[in-house]
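J.: Before I ask anything, let me first share the structure, which is written out below as structure tokens.
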Amino acid sequence: MSASTLSQNQLQALQQQHPLLWLNSYYEDTESAPLTPDPAELDAAEARLALFAPLLAHIFPELEPSAGIIESPLLSGSALAEELNLKEGQLWFKGDHLLPVAGSIKARGGIHEVLWFAERVAKEHNLLGDSDNNCLQLATDAARHIFADYTITVGSTGNLGLSIGIIGAALGFKTVVHMSADAKEWKKTRLRERGVIVVEHSGDYGAAVEAGRKASTADPKGYFVDDERSTHLFMGYAVAARRLAKQLEANHITVNQQHPLFVYLPAGVGGAPGGIMYGLKSIFGAHVHCFFAEPTAAPCMLTGMATTPAQPVQSVYDAGLDGLTEADGLAVGTASQWVCDATRDLLSGVYTASDKSLFSALLRLKIGANIEVEPSAAISYFGPTWLDSPIGQHYQEAHGLTAYKDNATHICWLTGGSFVPPEEYQAYLNTAQQLSS
Ligand SMILES: *Cc1c(COP(=O)(O)O)cnc(C)c1O
């Protein structure tokens with residue numbers, strides 16, 4: 001591969017699909033990030049989700065207990081620490097598999113972007129004045145009548161489609177989801193039941209996004225949620241970091257130089273983990289260390305972040321891989337150029353895991369902690385183990401962290417699963433048991 005900092009050895013390991021931990025040589029090199037996201041947009045996203053919380057509580061009864069805020073619990077991982085051989089520090093799970101409304105990490109970003117668009121349309125039609133914050137206006141028949149004229153389109157491997165489709169349809173927009181070949185059948189069915197139009201593609205995620213983008217730009221009343229370059233998605237995701245900071249505080253968890261925080265984030269195109277990383281870095285700076293996790297068959301953020309800055313990102317196809325994985329949430333061949341250009345200096349590294357190991361992690365989460373996730377989400381389970389590997393130890397030494405292992409906090413981000421139908425989940429467990437016997 002040209003324009004890449006990967007060594008021959010690393011490239012060979014990638015091609016042979018050997019699981020690895022790659023350390024990002026551009027970490028803390030601000031010149032590697034030619035785009036600077038605007039922090040004011042993060043403030044705006046947080047404010048928008050708060051402003052529209054009463055609307056969300058009104059249209060989604062499951063949000064009544066939280067008064068319309070879509071948030072997930074921080075779960076103790078102490079029951080699994082021993083299994084993971086984590087002798088020092090604390091283990092936690094961020095439970096985004098339990099996020100209401102969308103059942104995955106896509107909830108915050110996707111819902112934020114649709115709210116942003118609904119607000120814009122409502123203002124254009126004088127449904128909302130500039131200072132008028134009666135967001136319940138957006139749930140009236142008058143609003144639904146106006147929204148029905150607009151079509152929101154998105155390309156997805158599944159979960160972003162669920163998030164956009166559910167909120168889009170609930171507000172009364174026409175909603176079209178272009179699904180890649182990886183998308184699971186139950187995700188399509190669930191959307192169709194809500195009146196969402198699902199267009200199936202035989203190609204990969206990038207092809208589904210491209211088809212959606214094309215169809216949408218031809219429509220004057222079309223709006224395209226662009227997973228590859230959307231700041232509205234990115235900032236919606238980033239809000240999670242501020243909420244997590246409050247949860248850490250509530251659990252008396254300190255983050256500073258002597259108390260490092262390690263966060264392991266499953267990555268597809270990069271928007272969700274990139275946004276969360278951006279938010280965490282803006283709060284904790286050098287004291288938080290973010291590692292992305294990807295399938296050995298589709299490590300697109302690894303190849304993307306390893307690309308020479310400001311050059312077109314290298315894809316997994318450039319590395320000789322096919323991108324085919326059971327982890328549909330992570331089945332992306334080419335990373336977001338925008339996210340790579342905006343956050344290359346923030347990322348500590350990326351580790352990869354085989355599909356087979358994802359099923360075993362899924363089973364261990366179930367047995368050890370009664371946590372039910374989809375294969376994509378299970379990948380974060382391996383983070384602490386990689387940090388303890390020789391390359392992970394090297395990272396800790398290089399950043400002066402070795403002396404503080406006892407004080408470290410590790411958070412494995414569980415990104416999806418609570419919407420998986422019981423029979424599908426049982427099939428995952430069966431696969432895991434077969435693979436382990
Ligand atoms: C989408 C998704 C991710 C990764 O998000 P990207 O924005 O694609 O990087 C991780 N886990 C699950 C379950 C997802 O659906």
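Each chain in the structure tokens gets a letter, A, B and so on, in the order shown; residues start at 1 in every chain, and ligands are counted from 1 in the order they appear.
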Which residues sit within 8 Å of ligand 1, counting only C-alpha atoms and all ligand atoms, listed as a count of residues only?

T.: 32

J.: Could you give me, as a compact mmCIF listing (two decimals) with N, CA, C and O atoms, in the first residue's frame, the residues within 9 Å of Ile70 of chain A, counting only C-alpha atoms and dropping anything in the same chain fewer than 3 positions from it?

T.:
```txt
# COMPACT_ATOMS: atom_id res chain seq x y z
N LEU A 49 -30.29 17.89 22.19
CA LEU A 49 -30.85 16.66 22.76
C LEU A 49 -31.63 16.97 24.05
O LEU A 49 -32.63 16.32 24.35
N ALA A 53 -35.86 16.74 24.45
CA ALA A 53 -36.15 15.58 25.31
C ALA A 53 -37.65 15.42 25.57
O ALA A 53 -38.17 14.29 25.50
N LEU A 56 -39.17 13.67 22.64
CA LEU A 56 -38.83 12.25 22.58
C LEU A 56 -39.62 11.45 23.62
O LEU A 56 -40.10 10.35 23.33
N LEU A 63 -39.15 6.28 27.02
CA LEU A 63 -38.26 7.34 27.50
C LEU A 63 -38.87 8.16 28.63
O LEU A 63 -38.25 9.11 29.12
N SER A 66 -36.74 8.54 31.87
CA SER A 66 -35.55 9.39 31.78
C SER A 66 -35.91 10.79 31.26
O SER A 66 -35.02 11.56 30.89
N ALA A 67 -37.20 11.08 31.21
CA ALA A 67 -37.69 12.38 30.73
C ALA A 67 -37.13 12.72 29.34
O ALA A 67 -36.80 13.86 29.03
N LEU A 99 -29.26 0.97 25.01
CA LEU A 99 -29.80 2.30 24.70
C LEU A 99 -31.24 2.16 24.19
O LEU A 99 -31.50 1.42 23.25
N PRO A 100 -32.16 2.90 24.82
CA PRO A 100 -33.55 2.80 24.37
C PRO A 100 -33.74 3.37 22.96
O PRO A 100 -32.85 4.03 22.43
N VAL A 101 -34.86 3.09 22.39
CA VAL A 101 -35.32 3.55 21.08
C VAL A 101 -34.60 2.83 19.92
O VAL A 101 -35.25 2.33 19.01
N ALA A 107 -28.02 5.34 18.48
CA ALA A 107 -29.17 6.12 18.95
C ALA A 107 -28.84 7.61 19.08
O ALA A 107 -29.53 8.45 18.49
N ARG A 108 -27.77 7.93 19.80
CA ARG A 108 -27.52 9.36 20.06
C ARG A 108 -27.26 10.13 18.77
O ARG A 108 -27.83 11.18 18.52
```

J.: Can you list, as a PyMOL selection string, all residues belonging to segment 209-383 of chain A that DSSP tags as strand (DSSP E)?

T.: chain A and resi 222-225+261-266+288-295+349-353

J.: Hey, can you check how far atom CA of Ala47 of chain A sits from atom CA of Ile111 of chain A?

T.: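 Result for atom CA of Ala47 of chain A versus atom CA of Ile111 of chain A: 13.4 Å, one decimal.
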
J.: Which residues come within 6 Å of segment 135-152 of chain A, counting only C-alpha atoms, excluding same-chain residues fewer than 3 positions away, as a PyMOL selection string?

T.: chain A and resi 52+55+172-175+221-224

J.: Just the residues within 8 Å of Gly212 of chain A, please, counting only C-alpha atoms, with nothing from its chain fewer than 6 positions along; format it as a PDB file with N, CA and C atoms, in the first residue's frame.

T.:
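What ended up in result_2.pdb:
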```pdb
ATOM      1  N   THR A 153     -33.094   9.868   3.860  1.00  0.00           N
ATOM      2  CA  THR A 153     -32.457   8.660   3.315  1.00  0.00           C
ATOM      3  C   THR A 153     -31.137   8.406   4.027  1.00  0.00           C
ATOM      4  N   VAL A 154     -30.822   7.123   4.197  1.00  0.00           N
ATOM      5  CA  VAL A 154     -29.546   6.765   4.822  1.00  0.00           C
ATOM      6  C   VAL A 154     -29.061   5.430   4.251  1.00  0.00           C
ATOM      7  N   GLY A 155     -27.753   5.247   4.196  1.00  0.00           N
ATOM      8  CA  GLY A 155     -27.163   3.957   3.833  1.00  0.00           C
ATOM      9  C   GLY A 155     -26.601   3.332   5.093  1.00  0.00           C
ATOM     10  N   VAL A 177     -34.146   3.469   3.821  1.00  0.00           N
ATOM     11  CA  VAL A 177     -32.867   2.951   4.290  1.00  0.00           C
ATOM     12  C   VAL A 177     -32.276   2.031   3.216  1.00  0.00           C
ATOM     13  N   HIS A 178     -31.096   2.393   2.744  1.00  0.00           N
ATOM     14  CA  HIS A 178     -30.375   1.544   1.790  1.00  0.00           C
ATOM     15  C   HIS A 178     -29.463   0.612   2.588  1.00  0.00           C
ATOM     16  N   PHE A 224     -30.172  13.619   3.056  1.00  0.00           N
ATOM     17  CA  PHE A 224     -29.347  12.426   3.174  1.00  0.00           C
ATOM     18  C   PHE A 224     -28.515  12.476   4.441  1.00  0.00           C
TER      19      PHE A 224
END
```

J.: Using Å and a single decimal, report how far atom CA of Leu321 of chain A sits from atom CA of Ser180 of chain A.

T.: 17.5 Å

J.: When DSSP works through the backbone of this structure, what residues of segment 33-258 of chain A end up as alpha helix (DSSP H), shown as a ChimeraX atom specification?

T.: /A:39-51,53-59,78-81,106-124,141-147,159-171,185-193,205-217,231-250

J.: Measuring between only C-alpha atoms, which one of A:Asn126, A:Ser360, A:Gln393, A:Asn251 shows the shortest distance to Gln434 of chain A?

T.: A:Ser360

J.: So which residues touch Val288 of chain A within 8 Å, counting only C-alpha atoms, skipping near sequence neighbours fewer than 3 positions away, as a list in words?

T.: Val255, Pro260, Leu261, Phe262, Val263, Leu280, Lys281, Phe284 and Gly285 of chain A

J.: Between atom CA of His259 of chain A and atom CA of Gln247 of chain A, what is the spacing in Å?

T.: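 Going from atom CA of Gln247 of chain A over to atom CA of His259 of chain A covers 16.0 Å.
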
J.: Identify, on the basis of only C-alpha atoms, every residue whose closest approach to segment 298-313 of chain A does not exceed 9 Å; exclude the query and any residue fewer than 3 positions from it along the same chain; express the result as a ChimeraX atom specification.

T.: /A:2-6,14,22,24-26,31-34,267-270,292-295,316-319,321-325,330-337,340-341,343-344,347,349-352
